[in-house]
>>> print(open('input.txt').read())   # compact mmCIF, C-alpha atoms
# COMPACT_ATOMS: atom_id res chain seq x y z
CA MET A 1 34.43 60.67 0.92
CA ALA A 2 36.47 63.71 -0.11
CA LEU A 3 35.71 64.44 -3.74
CA TYR A 4 38.09 66.23 -6.11
CA SER A 5 38.17 66.75 -9.85
CA TYR A 6 40.89 67.48 -12.36
CA LEU A 7 40.28 69.21 -15.70
CA ARG A 8 42.85 69.91 -18.40
CA VAL A 9 43.07 71.26 -21.93
CA SER A 10 46.16 71.09 -24.11
CA THR A 11 45.54 73.62 -26.89
CA LYS A 12 44.48 77.26 -26.89
CA HIS A 13 41.44 76.33 -28.97
CA GLN A 14 40.03 73.89 -26.41
CA LYS A 15 37.53 74.98 -23.79
CA ILE A 16 37.52 73.58 -20.29
CA ASP A 17 33.79 74.34 -19.87
CA ARG A 18 32.66 71.02 -21.36
CA GLN A 19 34.68 69.02 -18.84
CA LEU A 20 33.38 71.17 -15.99
CA THR A 21 29.77 70.70 -17.14
CA ASN A 22 30.23 66.92 -17.27
CA VAL A 23 31.76 66.73 -13.79
CA ILE A 24 29.08 68.92 -12.20
CA GLY A 25 26.44 66.92 -14.07
CA ALA A 26 27.72 63.74 -12.43
CA TYR A 27 28.31 65.40 -9.05
CA PRO A 28 26.04 68.48 -8.68
CA GLY A 29 27.47 69.21 -5.23
CA MET A 30 30.80 70.12 -6.82
CA LYS A 31 29.20 73.32 -8.07
CA ASP A 32 29.38 74.65 -4.51
CA HIS A 33 32.91 73.31 -3.93
CA GLN A 34 34.82 74.51 -6.97
CA GLU A 35 37.90 74.98 -4.80
CA ARG A 36 38.19 71.19 -5.13
CA ILE A 37 38.20 71.38 -8.92
CA TYR A 38 41.75 71.74 -10.21
CA LYS A 39 42.37 73.02 -13.74
CA ASP A 40 45.43 73.19 -15.98
CA ARG A 41 46.17 74.38 -19.48
CA PHE A 42 49.36 73.48 -21.28
CA THR A 43 50.41 73.61 -24.90
CA GLY A 44 53.38 72.52 -26.96
CA THR A 45 55.43 75.30 -25.36
CA THR A 46 54.87 74.13 -21.78
CA THR A 47 54.14 70.80 -20.13
CA ASP A 48 53.80 72.22 -16.63
CA ARG A 49 50.77 71.03 -14.66
CA PRO A 50 51.02 73.07 -11.46
CA ASN A 51 47.46 72.44 -10.32
CA TRP A 52 47.70 68.69 -10.92
CA ASN A 53 50.89 68.72 -8.85
CA LYS A 54 48.99 70.47 -6.04
CA LEU A 55 46.13 67.95 -6.14
CA TYR A 56 48.54 65.01 -6.34
CA LYS A 57 50.39 66.20 -3.24
CA ILE A 58 47.11 66.65 -1.35
CA VAL A 59 45.74 63.15 -1.99
CA VAL A 60 49.12 61.45 -1.48
CA SER A 61 49.56 63.32 1.81
CA HIS A 62 46.08 62.26 2.90
CA ALA A 63 46.70 58.64 1.91
CA ARG A 64 49.89 58.48 3.97
CA SER A 65 48.44 60.25 7.00
CA GLU A 66 47.24 58.12 9.91
CA GLU A 67 45.08 61.00 11.15
CA TYR A 68 43.18 61.59 7.90
CA LYS A 69 40.00 59.49 8.02
CA GLU A 70 38.26 60.42 4.75
CA HIS A 71 38.58 58.56 1.48
CA ASP A 72 39.74 60.64 -1.50
CA ARG A 73 38.30 60.31 -5.00
CA ILE A 74 39.45 62.19 -8.12
CA VAL A 75 36.96 62.52 -10.98
CA PHE A 76 38.15 63.04 -14.56
CA ASP A 77 35.98 63.70 -17.58
CA GLU A 78 38.00 61.13 -19.52
CA VAL A 79 41.21 59.16 -19.17
CA SER A 80 43.20 61.44 -21.51
CA ARG A 81 42.89 64.27 -18.98
CA MET A 82 44.90 62.34 -16.39
CA ALA A 83 48.22 61.97 -18.22
CA ARG A 84 50.05 62.91 -21.41
CA ASN A 85 50.91 59.35 -22.44
CA ALA A 86 50.12 55.73 -21.67
CA GLU A 87 53.29 54.95 -19.70
CA GLU A 88 52.85 57.95 -17.41
CA GLY A 89 49.11 57.37 -17.02
CA PHE A 90 49.35 53.68 -16.18
CA ALA A 91 52.16 54.22 -13.64
CA LEU A 92 50.23 57.07 -11.99
CA TYR A 93 47.02 55.02 -11.93
CA LYS A 94 48.69 52.10 -10.14
CA GLU A 95 50.51 54.36 -7.69
CA LEU A 96 47.32 56.14 -6.61
CA PHE A 97 45.32 52.89 -6.57
CA LEU A 98 47.84 51.23 -4.25
CA LEU A 99 47.68 54.28 -1.96
CA GLY A 100 43.90 53.88 -1.76
CA VAL A 101 42.91 56.90 -3.86
CA ASP A 102 39.83 56.28 -6.02
CA LEU A 103 39.96 57.37 -9.65
CA GLU A 104 36.81 57.82 -11.73
CA PHE A 105 36.61 58.44 -15.48
CA LEU A 106 33.17 59.62 -16.56
CA LYS A 107 33.58 58.36 -20.13
CA GLU A 108 35.47 55.15 -19.31
CA HIS A 109 33.88 53.75 -16.16
CA HIS A 110 35.19 50.27 -16.98
CA ILE A 111 38.66 51.35 -15.83
CA ASP A 112 37.60 53.18 -12.66
CA THR A 113 39.60 51.98 -9.67
CA ASP A 114 36.30 50.63 -8.29
CA SER A 115 36.10 48.30 -11.30
CA TYR A 116 39.76 47.32 -10.93
CA ARG A 117 39.29 46.60 -7.23
CA LYS A 118 36.23 44.41 -7.91
CA ALA A 119 38.17 42.51 -10.57
CA MET A 120 41.01 41.87 -8.13
CA GLN A 121 38.59 40.72 -5.42
CA GLY A 122 37.07 38.32 -7.92
CA ILE A 123 40.37 36.62 -8.64
CA ILE A 124 40.36 32.96 -7.66
CA ASN A 125 42.48 32.52 -4.56
CA VAL A 126 42.35 28.93 -3.42
CA GLN A 127 45.04 26.82 -1.81
CA ILE A 128 44.62 23.10 -2.50
CA ALA A 129 45.67 20.56 0.12
CA THR A 130 44.92 16.99 -1.00
CA GLY A 131 47.65 15.40 1.05
CA ASP A 132 49.66 14.56 -2.05
CA GLU A 133 52.52 17.09 -2.04
CA SER A 134 53.28 16.76 -5.75
CA ALA A 135 49.64 17.10 -6.76
CA ASP A 136 49.10 20.05 -4.40
CA LYS A 137 52.14 21.85 -5.81
CA MET A 138 50.99 21.31 -9.39
CA ILE A 139 47.40 22.43 -8.73
CA ASN A 140 48.46 25.49 -6.71
CA THR A 141 50.93 26.44 -9.45
CA ILE A 142 48.09 26.29 -11.98
CA MET A 143 45.81 28.38 -9.73
CA GLY A 144 48.59 30.94 -9.26
CA ALA A 145 49.03 31.17 -13.01
CA ILE A 146 45.28 31.72 -13.45
CA ASN A 147 45.32 34.51 -10.85
CA GLU A 148 48.27 36.17 -12.56
CA PHE A 149 46.59 35.85 -15.97
CA ILE A 150 43.39 37.53 -14.74
CA LEU A 151 45.29 40.36 -13.04
CA ASN A 152 47.44 40.93 -16.14
CA LYS A 153 44.32 40.97 -18.31
CA VAL A 154 42.72 43.68 -16.15
CA GLU A 155 45.92 45.73 -16.17
CA GLN A 156 46.21 45.38 -19.93
CA ASP A 157 42.69 46.78 -20.30
CA ILE A 158 43.67 49.80 -18.20
CA TYR A 159 46.90 50.33 -20.11
CA ARG A 160 45.07 50.07 -23.46
CA ALA A 161 42.62 52.77 -22.34
CA PHE A 162 45.53 55.15 -21.69
CA GLU A 163 47.18 54.05 -24.92
CA GLN A 164 44.01 54.71 -26.92
CA ALA A 165 43.64 58.13 -25.29
CA GLU A 166 47.24 58.98 -26.20
CA HIS A 167 46.62 57.84 -29.79
CA GLU A 168 43.50 60.03 -30.10
CA VAL A 169 45.33 63.06 -28.70
CA ASN A 170 48.17 62.53 -31.17
CA LEU A 171 45.68 62.30 -34.03
CA LEU A 172 44.07 65.56 -32.90
CA HIS A 173 47.45 67.31 -32.81
CA ASP A 174 48.30 65.93 -36.26
CA ARG A 175 45.02 67.31 -37.66
CA ILE A 176 45.71 70.72 -36.10
CA HIS A 177 49.22 70.83 -37.59
CA GLU A 178 47.91 69.70 -40.99
CA GLY A 179 45.27 72.43 -40.87
CA MET A 180 47.91 75.02 -40.02
CA ARG A 181 50.12 73.84 -42.90
CA ASP A 182 47.18 73.98 -45.33
CA ALA A 183 46.23 77.46 -44.14
CA LYS A 184 49.82 78.65 -44.46
CA ALA A 185 50.02 77.21 -47.98
CA ARG A 186 46.93 79.26 -48.88
CA GLY A 187 48.66 82.39 -47.64
CA ALA A 188 46.82 82.72 -44.34
CA ARG A 189 48.72 84.29 -41.44
CA ILE A 190 49.47 81.79 -38.68
CA GLY A 191 50.22 82.95 -35.16
CA THR A 192 51.17 86.36 -33.86
CA PRO A 193 53.25 88.58 -36.16
CA LYS A 194 56.88 88.87 -35.06
CA GLY A 195 57.46 91.83 -32.78
CA THR A 196 53.87 91.97 -31.55
CA LYS A 197 53.60 92.51 -27.81
CA LEU A 198 50.85 90.74 -25.94
CA THR A 199 49.44 92.57 -22.94
CA THR A 200 47.66 90.59 -20.24
CA LYS A 201 46.30 91.55 -16.83
CA LYS A 202 49.18 89.67 -15.22
CA SER A 203 51.89 91.37 -17.30
CA LYS A 204 50.31 94.78 -16.73
CA ALA A 205 50.19 94.26 -12.96
CA ALA A 206 53.76 92.94 -12.94
CA LYS A 207 55.04 95.96 -14.88
CA GLU A 208 53.33 98.33 -12.46
CA ILE A 209 55.14 96.63 -9.58
CA ILE A 210 58.47 96.80 -11.41
CA LEU A 211 58.04 100.50 -12.14
CA LYS A 212 57.06 101.27 -8.57
CA HIS A 213 59.52 99.15 -6.60
CA ASN A 214 62.57 98.21 -8.66
CA LYS A 215 65.82 100.12 -8.13
CA ALA A 216 66.23 100.66 -11.88
CA PHE A 217 63.13 102.87 -11.79
CA GLY A 218 63.78 104.65 -8.50
CA GLY A 219 62.46 102.02 -6.12
CA THR A 220 64.20 100.13 -3.33
CA LEU A 221 63.95 96.46 -4.37
CA THR A 222 66.58 94.34 -6.10
CA ASP A 223 65.74 92.34 -9.22
CA LYS A 224 65.12 89.13 -7.26
CA GLU A 225 63.02 90.91 -4.65
CA THR A 226 60.99 92.53 -7.43
CA TRP A 227 60.13 89.36 -9.35
CA THR A 228 59.28 87.65 -6.06
CA LEU A 229 56.91 90.48 -5.15
CA ALA A 230 55.36 90.43 -8.64
CA ARG A 231 55.00 86.62 -8.49
CA ILE A 232 56.54 86.09 -11.90
CA CYS A 233 59.46 84.01 -13.08
CA LYS A 234 62.94 85.40 -13.65
CA THR A 235 62.61 85.22 -17.46
CA SER A 236 59.32 87.15 -17.53
CA TYR A 237 60.74 89.71 -15.12
CA TYR A 238 63.72 90.59 -17.30
CA LYS A 239 61.51 90.65 -20.39
CA TYR A 240 59.10 93.14 -18.78
CA LYS A 241 61.95 95.20 -17.38
CA GLN A 242 63.58 95.44 -20.80
CA GLU A 243 60.29 96.47 -22.39
CA LEU A 244 59.77 99.18 -19.74
CA GLN A 245 63.28 100.54 -20.24
CA ALA A 246 62.75 100.60 -24.00
CA GLU A 247 59.47 102.48 -23.54
CA MET A 248 61.14 105.03 -21.28
CA GLN A 249 64.00 105.55 -23.76
CA LYS A 250 61.48 106.04 -26.54
CA LYS A 251 59.63 108.69 -24.52
CA GLU A 252 62.86 110.48 -23.66
CA ALA A 253 63.94 110.49 -27.30
CA SER A 254 60.66 112.02 -28.37
>>> encode(input="input.txt", output="structure tokens")
Amino acid sequence: MALYSYLRVSTKHQKIDRQLTNVIGAYPGMKDHQERIYKDRFTGTTTDRPNWNKLYKIVVSHARSEEYKEHDRIVFDEVSRMARNAEEGFALYKELFLLGVDLEFLKEHHIDTDSYRKAMQGIINVQIATGDESADKMINTIMGAINEFILNKVEQDIYRAFEQAEHEVNLLHDRIHEGMRDAKARGARIGTPKGTKLTTKKSKAAKEIILKHNKAFGGTLTDKETWTLARICKTSYYKYKQELQAEMQKKEAS
């Protein structure tokens, strides 16, 4: 079995450490294979999940490959880490289940794909043949309806788990927004003051590359070549370039 894990936080105040501790607690061997633990952080300003997309492509590729012999399993701390809403989560769950990928939720084991698979295997699947065509048709119709009812019941349980997770996340966001409104009403400063520049290791490294290689600063690379080399997006590139030009103009003026 090839074991993977996916961890995600959705606010800057949340820590991913708790999820990591829970996963390693359940699977101690993951501590030595953290390259198989994929992590994402997104907030209200971005819904990108680049590392989930990477993991998704890996397991789907494995599932569709005739040469890949292992069985993939993705472990989540809880169901809310898998998707942003119930519709997305349920659709993704069924897609991966049908491909043969196992999904495990440490806090909601009742909706693990193992549980779903056992429930499906337990569905009554009997074809009646009494010799009376009308009676056989009626009985088999009833049995088919029972099978469909059981399968729908299991799927409803899974959907409700995602729905409940979405509801709890929405409540959390509402509490955060209410707290921010209350703090603002009391005169507390919320967020970063306008005009404040945030310096990160990534932005610093990117600016060094721009200064060294971009034509605007005496280098040989075009704008596109520069942001590709710096591994930043076009928007960030022009922002950093503008800031550098402003800094240079300020130095020249002084």
>>> atom_distance(input="input.txt", atom1="atom CA of A:Asp72", atom2="atom CA of A:Glu163")
25.4 Å
>>> atom_distance(input="input.txt", atom1="atom CA of A:Glu166", atom2="atom CA of A:Arg84")
6.8 Å
>>> atom_distance(input="input.txt", atom1="atom CA of A:Val9", atom2="atom CA of A:Tyr237")
26.4 Å
>>> residues_around(input="input.txt", residues="A:Leu106", least_positions_apart="6", cutoff="12 Å", atoms="only C-alpha atoms", output="PyMOL selection string")
chain A and resi 5-7+19-27+74-81+112
>>> residues_near_point(input="input.txt", point="(62.0, 95.7, -19.9)", cutoff="12 Å", atoms="only C-alpha atoms", output="VMD selection string")
chain A and resid 197 203 206 to 208 210 to 211 214 216 to 217 223 235 to 249
>>> closest_residue(input="input.txt", among="A:Glu87, A:Asp102, A:Asp40, A:Glu252", to="A:Tyr159", atoms="all atoms listed in the file")
A:Glu87
>>> closest_residue(input="input.txt", among="A:Ile16, A:Met1, A:Met82, A:Ala183", to="A:His62", atoms="only C-alpha atoms")
A:Met1
